[in-house]
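Enquirer: One file is attached below, data_36.txt, containing compact mmCIF, N, CA and C atoms.
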# COMPACT_ATOMS: atom_id res chain seq x y z
N MET A 18 13.66 34.06 5.47
CA MET A 18 12.96 33.22 6.43
C MET A 18 13.13 31.77 5.99
N LEU A 19 13.17 30.87 6.95
CA LEU A 19 13.43 29.46 6.69
C LEU A 19 12.18 28.61 6.84
N VAL A 20 12.23 27.42 6.24
CA VAL A 20 11.12 26.47 6.33
C VAL A 20 10.77 26.20 7.79
N ARG A 21 11.77 26.06 8.66
CA ARG A 21 11.48 25.77 10.08
C ARG A 21 10.62 26.85 10.73
N ASP A 22 10.69 28.08 10.20
CA ASP A 22 9.92 29.19 10.75
C ASP A 22 8.46 29.18 10.27
N ALA A 23 8.20 28.50 9.17
CA ALA A 23 6.87 28.53 8.57
C ALA A 23 6.11 27.22 8.70
N MET A 24 6.82 26.12 8.84
CA MET A 24 6.18 24.80 8.78
C MET A 24 5.25 24.55 9.96
N SER A 25 4.29 23.70 9.71
CA SER A 25 3.44 23.19 10.78
C SER A 25 4.14 22.00 11.38
N THR A 26 4.20 21.97 12.70
CA THR A 26 4.82 20.83 13.36
C THR A 26 3.80 19.76 13.71
N VAL A 27 2.55 19.99 13.33
CA VAL A 27 1.52 18.98 13.48
C VAL A 27 1.65 18.05 12.28
N VAL A 28 2.22 16.88 12.49
CA VAL A 28 2.42 15.92 11.42
C VAL A 28 1.51 14.74 11.66
N LEU A 29 0.47 14.66 10.86
CA LEU A 29 -0.45 13.54 10.94
C LEU A 29 0.15 12.38 10.16
N THR A 30 0.30 11.24 10.81
CA THR A 30 0.82 10.06 10.12
C THR A 30 -0.27 8.99 10.06
N LEU A 31 -0.31 8.33 8.91
CA LEU A 31 -1.28 7.28 8.66
C LEU A 31 -0.56 6.02 8.22
N GLY A 32 -1.24 4.91 8.37
CA GLY A 32 -0.75 3.66 7.79
C GLY A 32 -1.34 3.48 6.41
N PRO A 33 -0.77 2.61 5.61
CA PRO A 33 -1.24 2.42 4.24
C PRO A 33 -2.65 1.85 4.15
N ASP A 34 -3.11 1.19 5.20
CA ASP A 34 -4.43 0.56 5.16
C ASP A 34 -5.55 1.42 5.74
N HIS A 35 -5.26 2.64 6.15
CA HIS A 35 -6.34 3.55 6.54
C HIS A 35 -7.25 3.75 5.33
N THR A 36 -8.55 3.79 5.56
CA THR A 36 -9.44 4.12 4.45
C THR A 36 -9.36 5.62 4.20
N LEU A 37 -9.81 6.02 3.02
CA LEU A 37 -9.82 7.46 2.73
C LEU A 37 -10.78 8.20 3.66
N ARG A 38 -11.85 7.55 4.08
CA ARG A 38 -12.76 8.20 5.04
C ARG A 38 -12.05 8.43 6.37
N GLN A 39 -11.31 7.44 6.84
CA GLN A 39 -10.55 7.59 8.08
C GLN A 39 -9.51 8.70 7.93
N ALA A 40 -8.83 8.70 6.81
CA ALA A 40 -7.82 9.73 6.55
C ALA A 40 -8.46 11.11 6.55
N ALA A 41 -9.58 11.25 5.85
CA ALA A 41 -10.26 12.55 5.77
C ALA A 41 -10.73 13.00 7.14
N ALA A 42 -11.26 12.08 7.95
CA ALA A 42 -11.73 12.44 9.29
C ALA A 42 -10.57 12.92 10.16
N LEU A 43 -9.44 12.23 10.08
CA LEU A 43 -8.27 12.63 10.88
C LEU A 43 -7.71 13.97 10.40
N MET A 44 -7.64 14.16 9.09
CA MET A 44 -7.14 15.41 8.54
C MET A 44 -8.05 16.57 8.94
N SER A 45 -9.35 16.33 8.88
CA SER A 45 -10.31 17.36 9.25
C SER A 45 -10.20 17.71 10.74
N ALA A 46 -10.11 16.69 11.58
CA ALA A 46 -10.03 16.90 13.03
C ALA A 46 -8.78 17.69 13.41
N ARG A 47 -7.69 17.48 12.69
CA ARG A 47 -6.44 18.17 13.00
C ARG A 47 -6.23 19.43 12.16
N ARG A 48 -7.20 19.68 11.28
CA ARG A 48 -7.19 20.87 10.43
C ARG A 48 -5.90 20.96 9.60
N VAL A 49 -5.57 19.82 8.96
CA VAL A 49 -4.40 19.77 8.08
C VAL A 49 -4.84 19.31 6.70
N GLY A 50 -4.08 19.70 5.69
CA GLY A 50 -4.42 19.36 4.31
C GLY A 50 -3.63 18.20 3.75
N ALA A 51 -2.75 17.62 4.57
CA ALA A 51 -1.93 16.51 4.10
C ALA A 51 -1.52 15.63 5.27
N ALA A 52 -1.30 14.37 4.96
CA ALA A 52 -0.84 13.42 5.97
C ALA A 52 0.34 12.64 5.42
N VAL A 53 1.26 12.30 6.30
CA VAL A 53 2.38 11.44 5.94
C VAL A 53 1.91 10.00 6.06
N VAL A 54 2.14 9.23 5.01
CA VAL A 54 1.76 7.82 5.02
C VAL A 54 3.04 6.99 5.18
N LEU A 55 3.09 6.23 6.26
CA LEU A 55 4.24 5.37 6.54
C LEU A 55 3.95 3.99 5.96
N ASP A 56 4.64 3.67 4.88
CA ASP A 56 4.39 2.41 4.18
C ASP A 56 5.72 1.76 3.81
N PRO A 57 6.23 0.89 4.67
CA PRO A 57 7.53 0.26 4.40
C PRO A 57 7.53 -0.55 3.10
N ASP A 58 6.38 -1.08 2.69
CA ASP A 58 6.32 -1.87 1.46
C ASP A 58 6.43 -1.01 0.21
N ALA A 59 6.15 0.30 0.33
CA ALA A 59 6.20 1.20 -0.83
C ALA A 59 7.41 2.13 -0.75
N GLY A 60 8.35 1.83 0.08
CA GLY A 60 9.56 2.64 0.13
C GLY A 60 9.63 3.62 1.29
N GLY A 61 8.74 3.53 2.24
CA GLY A 61 8.85 4.40 3.41
C GLY A 61 7.79 5.46 3.49
N LEU A 62 8.18 6.73 3.30
CA LEU A 62 7.27 7.85 3.48
C LEU A 62 6.61 8.27 2.18
N GLY A 63 5.33 8.50 2.27
CA GLY A 63 4.57 9.09 1.17
C GLY A 63 3.68 10.18 1.72
N ILE A 64 2.93 10.82 0.82
CA ILE A 64 2.04 11.89 1.26
C ILE A 64 0.66 11.68 0.64
N LEU A 65 -0.35 11.90 1.44
CA LEU A 65 -1.74 11.85 1.02
C LEU A 65 -2.32 13.23 1.29
N THR A 66 -2.88 13.85 0.27
CA THR A 66 -3.41 15.20 0.43
C THR A 66 -4.92 15.21 0.28
N GLU A 67 -5.51 16.33 0.69
CA GLU A 67 -6.94 16.51 0.54
C GLU A 67 -7.35 16.37 -0.92
N ARG A 68 -6.50 16.80 -1.83
CA ARG A 68 -6.80 16.68 -3.26
C ARG A 68 -6.85 15.22 -3.69
N ASP A 69 -6.00 14.37 -3.12
CA ASP A 69 -6.02 12.94 -3.43
C ASP A 69 -7.36 12.33 -3.03
N VAL A 70 -7.84 12.70 -1.86
CA VAL A 70 -9.13 12.19 -1.38
C VAL A 70 -10.25 12.71 -2.29
N LEU A 71 -10.21 13.99 -2.60
CA LEU A 71 -11.23 14.61 -3.46
C LEU A 71 -11.25 13.95 -4.85
N ASN A 72 -10.08 13.71 -5.43
CA ASN A 72 -10.02 13.07 -6.75
C ASN A 72 -10.63 11.68 -6.72
N SER A 73 -10.37 10.92 -5.68
CA SER A 73 -10.93 9.58 -5.56
C SER A 73 -12.46 9.63 -5.48
N VAL A 74 -12.97 10.49 -4.64
CA VAL A 74 -14.43 10.61 -4.50
C VAL A 74 -15.04 11.11 -5.81
N GLY A 75 -14.35 12.05 -6.46
CA GLY A 75 -14.83 12.57 -7.75
C GLY A 75 -14.90 11.51 -8.83
N LEU A 76 -14.07 10.48 -8.72
CA LEU A 76 -14.10 9.36 -9.67
C LEU A 76 -15.16 8.33 -9.32
N GLY A 77 -15.89 8.58 -8.22
CA GLY A 77 -16.94 7.65 -7.81
C GLY A 77 -16.45 6.51 -6.95
N GLN A 78 -15.21 6.58 -6.50
CA GLN A 78 -14.68 5.53 -5.64
C GLN A 78 -15.21 5.72 -4.22
N SER A 79 -15.35 4.63 -3.51
CA SER A 79 -15.89 4.68 -2.15
C SER A 79 -14.79 5.01 -1.15
N PRO A 80 -14.96 6.07 -0.37
CA PRO A 80 -13.96 6.40 0.65
C PRO A 80 -13.93 5.37 1.78
N ASP A 81 -14.94 4.49 1.83
CA ASP A 81 -14.96 3.45 2.86
C ASP A 81 -14.20 2.20 2.42
N ILE A 82 -13.91 2.11 1.13
CA ILE A 82 -13.21 0.95 0.58
C ILE A 82 -11.78 1.31 0.18
N GLU A 83 -11.62 2.47 -0.43
CA GLU A 83 -10.30 2.88 -0.93
C GLU A 83 -9.33 3.07 0.23
N ARG A 84 -8.10 2.59 0.05
CA ARG A 84 -7.06 2.66 1.06
C ARG A 84 -6.05 3.74 0.72
N ALA A 85 -5.45 4.29 1.75
CA ALA A 85 -4.49 5.37 1.58
C ALA A 85 -3.37 5.00 0.61
N HIS A 86 -2.87 3.77 0.69
CA HIS A 86 -1.72 3.39 -0.14
C HIS A 86 -2.01 3.52 -1.63
N ALA A 87 -3.27 3.36 -2.02
CA ALA A 87 -3.63 3.44 -3.44
C ALA A 87 -3.64 4.88 -3.96
N HIS A 88 -3.61 5.85 -3.08
CA HIS A 88 -3.73 7.26 -3.47
C HIS A 88 -2.56 8.11 -2.97
N THR A 89 -1.59 7.45 -2.40
CA THR A 89 -0.42 8.14 -1.83
C THR A 89 0.61 8.43 -2.91
N THR A 90 1.20 9.62 -2.84
CA THR A 90 2.35 9.95 -3.68
C THR A 90 3.59 9.44 -2.96
N ASN A 91 4.32 8.56 -3.63
CA ASN A 91 5.50 7.96 -3.00
C ASN A 91 6.81 8.57 -3.48
N ASN A 92 6.80 9.22 -4.63
CA ASN A 92 8.02 9.87 -5.12
C ASN A 92 8.01 11.32 -4.63
N VAL A 93 8.20 11.45 -3.34
CA VAL A 93 8.03 12.71 -2.64
C VAL A 93 9.31 13.55 -2.69
N VAL A 94 9.13 14.85 -2.85
CA VAL A 94 10.22 15.81 -2.69
C VAL A 94 10.17 16.27 -1.24
N PHE A 95 11.27 16.11 -0.54
CA PHE A 95 11.33 16.49 0.87
C PHE A 95 12.07 17.81 1.01
N ALA A 96 11.69 18.57 2.03
CA ALA A 96 12.37 19.82 2.37
C ALA A 96 13.17 19.61 3.65
N ALA A 97 14.16 20.44 3.82
CA ALA A 97 14.93 20.47 5.07
C ALA A 97 14.50 21.70 5.85
N PRO A 98 14.54 21.65 7.17
CA PRO A 98 14.18 22.82 7.97
C PRO A 98 15.02 24.06 7.64
N SER A 99 16.22 23.83 7.13
CA SER A 99 17.13 24.94 6.82
C SER A 99 16.93 25.53 5.43
N TRP A 100 16.01 24.97 4.64
CA TRP A 100 15.71 25.57 3.33
C TRP A 100 15.12 26.95 3.53
N THR A 101 15.35 27.82 2.59
CA THR A 101 14.65 29.11 2.59
C THR A 101 13.23 28.88 2.07
N LEU A 102 12.35 29.82 2.36
CA LEU A 102 10.99 29.72 1.83
C LEU A 102 11.00 29.81 0.31
N GLU A 103 11.96 30.54 -0.23
CA GLU A 103 12.09 30.63 -1.69
C GLU A 103 12.42 29.26 -2.28
N GLU A 104 13.31 28.52 -1.63
CA GLU A 104 13.64 27.17 -2.11
C GLU A 104 12.42 26.26 -2.06
N ALA A 105 11.65 26.34 -0.98
CA ALA A 105 10.46 25.52 -0.84
C ALA A 105 9.42 25.90 -1.90
N ALA A 106 9.21 27.19 -2.10
CA ALA A 106 8.25 27.65 -3.10
C ALA A 106 8.67 27.22 -4.50
N ARG A 107 9.95 27.29 -4.78
CA ARG A 107 10.47 26.87 -6.09
C ARG A 107 10.23 25.37 -6.30
N ALA A 108 10.48 24.57 -5.28
CA ALA A 108 10.26 23.12 -5.39
C ALA A 108 8.78 22.82 -5.62
N MET A 109 7.90 23.53 -4.92
CA MET A 109 6.46 23.32 -5.10
C MET A 109 6.02 23.72 -6.49
N ALA A 110 6.48 24.87 -6.96
CA ALA A 110 6.10 25.35 -8.29
C ALA A 110 6.63 24.40 -9.37
N HIS A 111 7.86 23.95 -9.21
CA HIS A 111 8.46 23.04 -10.19
C HIS A 111 7.74 21.70 -10.22
N GLY A 112 7.37 21.19 -9.04
CA GLY A 112 6.74 19.88 -8.95
C GLY A 112 5.23 19.89 -9.11
N GLY A 113 4.62 21.08 -9.02
CA GLY A 113 3.17 21.17 -9.16
C GLY A 113 2.40 20.64 -7.96
N PHE A 114 2.95 20.82 -6.77
CA PHE A 114 2.26 20.38 -5.56
C PHE A 114 2.25 21.49 -4.53
N ARG A 115 1.45 21.30 -3.45
CA ARG A 115 1.24 22.36 -2.47
C ARG A 115 1.75 22.05 -1.08
N HIS A 116 2.34 20.88 -0.88
CA HIS A 116 2.85 20.48 0.44
C HIS A 116 4.21 19.83 0.30
N LEU A 117 5.07 20.08 1.27
CA LEU A 117 6.36 19.41 1.36
C LEU A 117 6.50 18.82 2.76
N ILE A 118 6.89 17.57 2.82
CA ILE A 118 7.24 16.97 4.11
C ILE A 118 8.63 17.48 4.48
N VAL A 119 8.77 17.93 5.70
CA VAL A 119 10.06 18.45 6.18
C VAL A 119 10.73 17.35 6.99
N LEU A 120 11.94 16.98 6.55
CA LEU A 120 12.71 15.93 7.23
C LEU A 120 13.90 16.53 7.93
N ASP A 121 14.16 16.00 9.12
CA ASP A 121 15.38 16.32 9.86
C ASP A 121 15.97 14.98 10.28
N GLU A 122 17.14 14.67 9.75
CA GLU A 122 17.79 13.38 10.01
C GLU A 122 16.87 12.22 9.68
N ALA A 123 16.23 12.28 8.52
CA ALA A 123 15.37 11.23 7.97
C ALA A 123 14.04 11.06 8.71
N ALA A 124 13.73 11.90 9.67
CA ALA A 124 12.46 11.81 10.39
C ALA A 124 11.58 13.01 10.02
N PRO A 125 10.28 12.76 9.79
CA PRO A 125 9.39 13.89 9.50
C PRO A 125 9.18 14.76 10.73
N VAL A 126 9.49 16.06 10.58
CA VAL A 126 9.36 16.99 11.71
C VAL A 126 8.34 18.09 11.43
N GLY A 127 7.79 18.09 10.22
CA GLY A 127 6.81 19.10 9.88
C GLY A 127 6.34 18.97 8.45
N ILE A 128 5.38 19.79 8.12
CA ILE A 128 4.91 19.92 6.74
C ILE A 128 4.80 21.41 6.48
N VAL A 129 5.29 21.82 5.32
CA VAL A 129 5.16 23.21 4.92
C VAL A 129 4.26 23.24 3.68
N SER A 130 3.32 24.15 3.69
CA SER A 130 2.37 24.27 2.59
C SER A 130 2.48 25.64 1.93
N VAL A 131 1.88 25.75 0.78
CA VAL A 131 1.82 27.05 0.12
C VAL A 131 1.19 28.07 1.05
N ARG A 132 0.16 27.68 1.76
CA ARG A 132 -0.51 28.60 2.69
C ARG A 132 0.45 29.08 3.77
N ASP A 133 1.30 28.19 4.30
CA ASP A 133 2.28 28.58 5.31
C ASP A 133 3.23 29.64 4.76
N ILE A 134 3.67 29.43 3.53
CA ILE A 134 4.60 30.38 2.92
C ILE A 134 3.92 31.73 2.70
N VAL A 135 2.70 31.70 2.21
CA VAL A 135 1.96 32.95 1.97
C VAL A 135 1.77 33.71 3.28
N ARG A 136 1.44 32.99 4.36
CA ARG A 136 1.28 33.65 5.66
C ARG A 136 2.54 34.38 6.09
N CYS A 137 3.68 33.78 5.81
CA CYS A 137 4.96 34.41 6.19
C CYS A 137 5.29 35.59 5.29
N TRP A 138 5.01 35.48 4.03
CA TRP A 138 5.36 36.53 3.08
C TRP A 138 4.38 37.69 3.10
N ALA A 139 3.11 37.43 3.35
CA ALA A 139 2.09 38.48 3.23
C ALA A 139 2.35 39.67 4.15
N PRO A 140 2.63 39.49 5.43
CA PRO A 140 2.86 40.67 6.29
C PRO A 140 4.04 41.50 5.82
N ALA A 141 5.11 40.86 5.41
CA ALA A 141 6.29 41.60 4.96
C ALA A 141 5.99 42.36 3.67
N ARG A 142 5.18 41.82 2.84
CA ARG A 142 4.89 42.43 1.55
C ARG A 142 3.81 43.50 1.66
N GLN A 143 2.99 43.46 2.71
CA GLN A 143 1.95 44.47 2.90
C GLN A 143 2.56 45.86 3.07
N HIS A 144 3.71 45.92 3.71
CA HIS A 144 4.32 47.21 4.02
C HIS A 144 5.25 47.72 2.91
N ALA A 145 5.43 46.91 1.90
CA ALA A 145 6.32 47.33 0.80
C ALA A 145 5.61 48.41 -0.01
N PRO A 146 6.35 49.38 -0.49
CA PRO A 146 5.74 50.45 -1.31
C PRO A 146 5.13 49.88 -2.58
N ALA A 147 4.02 50.44 -3.00
CA ALA A 147 3.32 49.95 -4.18
C ALA A 147 3.94 50.46 -5.45
Do you think you could lay out the structure here as structure tokens?
Expert:
Amino acid sequence: MLVRDAMSTVVLTLGPDHTLRQAAALMSARRVGAAVVLDPDAGGLGILTERDVLNSVGLGQSPDIERAHAHTTNNVVFAAPSWTLEEAARAMAHGGFRHLIVLDEAAPVGIVSVRDIVRCWAPARQHAPA
């Protein structure tokens, strides 16, 4: 199975100056765990995850003051829609993260998460002999 078969095509994009509260509200409303941050000053595409927001709040930082750019990962590993789920899982395990931005011709077309991969693998593995 390929990344294109598992990825979410709901790609929430934010600007670097969104507050973490705004980011969290948008992520919650769209029921996604990560957002693509478009920041030309920081090299283009980055990713902001629910864990980034949680870590900031856990440090006592104000979600009304903190901006997305300060908590965005900019050295992102990108996936291609044609990657296998095994390739995506390997990249996540190697990098220690749970989301990959999926690019097609340099444009974000989806996000694949560990949860997406598990959803695809679980039904096939349920029927395997124990």
Enquirer: Provide the atom CA of A:Arg84 to atom CA of A:Arg38 distance in Å, to one decimal place.
Expert: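 Between atom CA of A:Arg84 and atom CA of A:Arg38 the gap is 8.9 Å.
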Enquirer: Just the number, please: distance in Å from atom CA of A:Gly60 to atom CA of A:Glu83, one decimal.
Expert: 19.9 Å
Enquirer: So how many Å separate atom CA of A:Ala124 and atom CA of A:Leu62, to one decimal?
Expert: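 Result for atom CA of A:Ala124 versus atom CA of A:Leu62: 9.5 Å, one decimal.
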Enquirer: Name the closest residue to A:Pro125 among the candidates A:Gly63, A:Gly113, A:Gly75, A:Pro80; distances are taken between atoms, counting only C-alpha atoms.
Expert: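 Of A:Gly63, A:Gly113, A:Gly75, A:Pro80, the one nearest A:Pro125 is A:Gly63, counting only C-alpha atoms.
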Enquirer: Pick out the closest residue to A:Leu43 from this set: A:Arg107, A:Ile128, A:Leu29, A:Asp69. Count only N, CA and C atoms.
Expert: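 The closest residue to A:Leu43 is A:Leu29.
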Enquirer: Just asking: which residues within stretch 35-85 of chain A are strand (DSSP E or B) according to DSSP, as a list of chain:residue names?
Expert: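 Restricting stretch 35-85 of chain A to strand (DSSP E or B) produces A:Thr36, A:Ala51, A:Ala52, A:Val53, A:Val54, A:Leu55, A:Asp56, A:Gly61, A:Leu62, A:Gly63, A:Ile64, A:Leu65, A:Thr66, A:Arg84.
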Enquirer: Neighbours of A:Gly127 within 6.5 Å (only N, CA and C atoms; same-chain residues fewer than 2 positions away dropped), as a ChimeraX atom specification?
Expert: /A:24-28,117-120,124-125,129
Enquirer: May I ask which of the residues A:Ala97, A:Leu71, A:Leu65, A:Leu19 is the closest one to A:Val53, counting only N, CA and C atoms?
Expert: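 Once distances to A:Val53 are computed over only N, CA and C atoms, the minimum belongs to A:Leu65.
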Enquirer: Using only N, CA and C atoms, pick whichever of A:Trp100, A:Trp138, A:Phe95, A:Phe114 has the shortest atom-to-atom distance to A:Arg21.
Expert: A:Trp100
Enquirer: Pull the alpha helix (DSSP H) assignments for chain A out of DSSP run on the backbone, and list those residues as an NGL selection string.
Expert: :A and (20-23 or 37-47 or 67-75 or 102-112 or 131-143)
Enquirer: Mind filling out stretch 96-107 of chain A with all heavy atoms and sending it as a tab-separated table (two decimals), in the coordinates of the input?
Expert:
chain	number	residue	atom	x	y	z
A	96	ALA	N	11.69	18.57	2.03
A	96	ALA	CA	12.37	19.82	2.37
A	96	ALA	C	13.17	19.61	3.65
A	96	ALA	O	12.86	18.73	4.45
A	96	ALA	CB	11.36	20.94	2.58
A	97	ALA	N	14.16	20.44	3.82
A	97	ALA	CA	14.93	20.47	5.07
A	97	ALA	C	14.50	21.70	5.85
A	97	ALA	O	14.12	22.71	5.25
A	97	ALA	CB	16.42	20.54	4.78
A	98	PRO	N	14.54	21.65	7.17
A	98	PRO	CA	14.18	22.82	7.97
A	98	PRO	C	15.02	24.06	7.64
A	98	PRO	O	14.56	25.19	7.80
A	98	PRO	CB	14.42	22.38	9.41
A	98	PRO	CG	14.46	20.91	9.39
A	98	PRO	CD	14.92	20.51	8.02
A	99	SER	N	16.22	23.83	7.13
A	99	SER	CA	17.13	24.94	6.82
A	99	SER	C	16.93	25.53	5.43
A	99	SER	O	17.58	26.51	5.08
A	99	SER	CB	18.57	24.46	6.96
A	99	SER	OG	18.81	23.39	6.06
A	100	TRP	N	16.01	24.97	4.64
A	100	TRP	CA	15.71	25.57	3.33
A	100	TRP	C	15.12	26.95	3.53
A	100	TRP	O	14.40	27.20	4.52
A	100	TRP	CB	14.69	24.74	2.58
A	100	TRP	CG	15.20	23.55	1.85
A	100	TRP	CD1	16.37	22.89	2.02
A	100	TRP	CD2	14.48	22.86	0.83
A	100	TRP	NE1	16.43	21.83	1.16
A	100	TRP	CE2	15.28	21.78	0.43
A	100	TRP	CE3	13.23	23.02	0.24
A	100	TRP	CZ2	14.88	20.88	-0.57
A	100	TRP	CZ3	12.84	22.14	-0.74
A	100	TRP	CH2	13.66	21.08	-1.14
A	101	THR	N	15.35	27.82	2.59
A	101	THR	CA	14.65	29.11	2.59
A	101	THR	C	13.23	28.88	2.07
A	101	THR	O	12.96	27.88	1.38
A	101	THR	CB	15.35	30.14	1.69
A	101	THR	OG1	15.27	29.71	0.33
A	101	THR	CG2	16.80	30.36	2.12
A	102	LEU	N	12.35	29.82	2.36
A	102	LEU	CA	10.99	29.72	1.83
A	102	LEU	C	11.00	29.81	0.31
A	102	LEU	O	10.16	29.19	-0.36
A	102	LEU	CB	10.09	30.78	2.44
A	102	LEU	CG	9.82	30.63	3.94
A	102	LEU	CD1	8.81	31.67	4.40
A	102	LEU	CD2	9.36	29.23	4.29
A	103	GLU	N	11.96	30.54	-0.23
A	103	GLU	CA	12.09	30.63	-1.69
A	103	GLU	C	12.42	29.26	-2.28
A	103	GLU	O	11.87	28.88	-3.31
A	103	GLU	CB	13.16	31.66	-2.08
A	103	GLU	CG	12.75	33.09	-1.85
A	103	GLU	CD	12.88	33.57	-0.40
A	103	GLU	OE1	13.42	32.83	0.47
A	103	GLU	OE2	12.42	34.68	-0.12
A	104	GLU	N	13.31	28.52	-1.63
A	104	GLU	CA	13.64	27.17	-2.11
A	104	GLU	C	12.42	26.26	-2.06
A	104	GLU	O	12.16	25.49	-3.00
A	104	GLU	CB	14.76	26.56	-1.27
A	104	GLU	CG	16.12	27.17	-1.50
A	104	GLU	CD	17.16	26.64	-0.52
A	104	GLU	OE1	16.97	26.79	0.71
A	104	GLU	OE2	18.16	26.09	-1.01
A	105	ALA	N	11.65	26.34	-0.98
A	105	ALA	CA	10.46	25.52	-0.84
A	105	ALA	C	9.42	25.90	-1.90
A	105	ALA	O	8.83	25.02	-2.55
A	105	ALA	CB	9.86	25.67	0.56
A	106	ALA	N	9.21	27.19	-2.10
A	106	ALA	CA	8.25	27.65	-3.10
A	106	ALA	C	8.67	27.22	-4.50
A	106	ALA	O	7.84	26.79	-5.31
A	106	ALA	CB	8.10	29.17	-3.03
A	107	ARG	N	9.95	27.29	-4.78
A	107	ARG	CA	10.47	26.87	-6.09
A	107	ARG	C	10.23	25.37	-6.30
A	107	ARG	O	9.81	24.95	-7.38
A	107	ARG	CB	11.96	27.20	-6.19
A	107	ARG	CG	12.51	27.14	-7.58
A	107	ARG	CD	13.97	27.63	-7.68
A	107	ARG	NE	14.18	28.90	-7.00
A	107	ARG	CZ	14.98	29.07	-5.94
A	107	ARG	NH1	15.66	28.06	-5.44
A	107	ARG	NH2	15.11	30.25	-5.38
